[in-house]
Amino acid sequence: KLGGFYTITQVAEVYGLPDSTFQLIKPILKCIPEGINKVSINSATETELEQHPYIRKKLAKVLIAYRTQHGPFRNISDLGKIQLIDSDLLAKLVPYISVE
């Protein structure tokens with residue numbers, strides 16, 4: 001659902017994966033950031049946005065409302081104008097979002 005991993009530590013966030021298992025597999029994991037599936041915040045539907053693990057339903061609604069009121073996002077930094085998106089969440093979202 002995430003669309004790929006941009007860091008190996010993200011694998012530790014997988015629901016149901018015990019930390020002990022993560023620690024065992026961590027040395028053999030490889031990350032290929034170029035293969036990440038991006039979601040266009042300017043054309044994705046609310047349903048498509050809410051399916052992303054870092055966005056979910058509440059933020060999807062806010063993104064659609066912002067886009068409706070202010071027009072398309074011009075760049076990724078525009079997400080910082082949304083109160084629900086703090087710097088930590090923005091850092092997580094950047095690899096998965098496009099404005100195209």
# chains A, B, ... in the order shown; residues from 1 in each chain; ligands from 1
call {"tool": "select_by_dssp", "arguments": {"residues": "chain A", "states": "helix (DSSP H, G or I)", "output": "PyMOL selection string"}}
result
chain A and resi 8-13+19-28+33-35+46-50+56-70+76-81+87-96
call {"tool": "closest_atom_pairs", "arguments": {"of": "segment 15-43 of chain A", "to": "segment 61-70 of chain A", "cutoff": "10 Å", "atoms": "only C-alpha atoms", "output": "CSV"}}
result
residue,atom,partner,partner_atom,distance
A:Ile41,CA,A:Leu63,CA,7.6
A:Asn42,CA,A:Arg67,CA,7.1
A:Ser43,CA,A:Ile64,CA,9.6
call {"tool": "write_last_selection", "arguments": {"atoms": "all heavy atoms", "output": "short mmCIF file (atom, residue, chain, number, x, y, z; two decimals), in the first residue's frame"}}
result
data_model
loop_
_atom_site.label_atom_id
_atom_site.label_comp_id
_atom_site.auth_asym_id
_atom_site.auth_seq_id
_atom_site.Cartn_x
_atom_site.Cartn_y
_atom_site.Cartn_z
N ILE A 41 -1.14 14.51 -6.01
CA ILE A 41 -2.12 15.15 -5.12
C ILE A 41 -3.04 16.09 -5.88
O ILE A 41 -4.04 16.54 -5.33
CB ILE A 41 -1.46 15.88 -3.94
CG1 ILE A 41 -0.44 16.89 -4.41
CG2 ILE A 41 -0.85 14.89 -2.98
CD1 ILE A 41 0.11 17.76 -3.30
N ASN A 42 -2.73 16.37 -7.12
CA ASN A 42 -3.59 17.25 -7.91
C ASN A 42 -4.63 16.50 -8.74
O ASN A 42 -5.59 17.11 -9.19
CB ASN A 42 -2.76 18.15 -8.83
CG ASN A 42 -2.05 19.23 -8.06
OD1 ASN A 42 -2.58 19.75 -7.09
ND2 ASN A 42 -0.84 19.55 -8.47
N SER A 43 -4.46 15.22 -8.93
CA SER A 43 -5.44 14.48 -9.73
C SER A 43 -6.02 13.26 -9.02
O SER A 43 -7.04 12.74 -9.46
CB SER A 43 -4.82 14.05 -11.06
OG SER A 43 -3.72 13.18 -10.84
#
call {"tool": "closest_residue", "arguments": {"among": "A:Glu46, A:Asp19, A:Asp86, A:Glu34", "to": "Gly4 of chain A", "atoms": "only C-alpha atoms"}}
result
A:Glu34
call {"tool": "residues_around", "arguments": {"residues": "Ile55 of chain A", "least_positions_apart": "3", "cutoff": "12 Å", "atoms": "only C-alpha atoms", "output": "PyMOL selection string"}}
result
chain A and resi 1-2+39+41+46-52+58-64+79+84-85+89-90+92-94+96-97
call {"tool": "atom_distance", "arguments": {"atom1": "atom CA of Gly16 of chain A", "atom2": "atom CA of Gly3 of chain A"}}
result
18.0 Å
call {"tool": "closest_residue", "arguments": {"among": "A:Tyr6, A:Phe73, A:Ala12, A:Ala44", "to": "Cys31 of chain A", "atoms": "only C-alpha atoms"}}
result
A:Tyr6
call {"tool": "select_by_dssp", "arguments": {"residues": "chain A", "states": "strand (DSSP E or B)", "output": "JSON, numbers by chain"}}
result
{"A": [39, 40, 97, 98]}
call {"tool": "closest_residue", "arguments": {"among": "A:Tyr15, A:Ala91, A:Thr9, A:Arg74", "to": "Pro27 of chain A", "atoms": "only C-alpha atoms"}}
result
A:Thr9
call {"tool": "closest_residue", "arguments": {"among": "A:Ser87, A:Ser98, A:Tyr54, A:Ser20", "to": "Asn75 of chain A", "atoms": "only C-alpha atoms"}}
result
A:Ser98
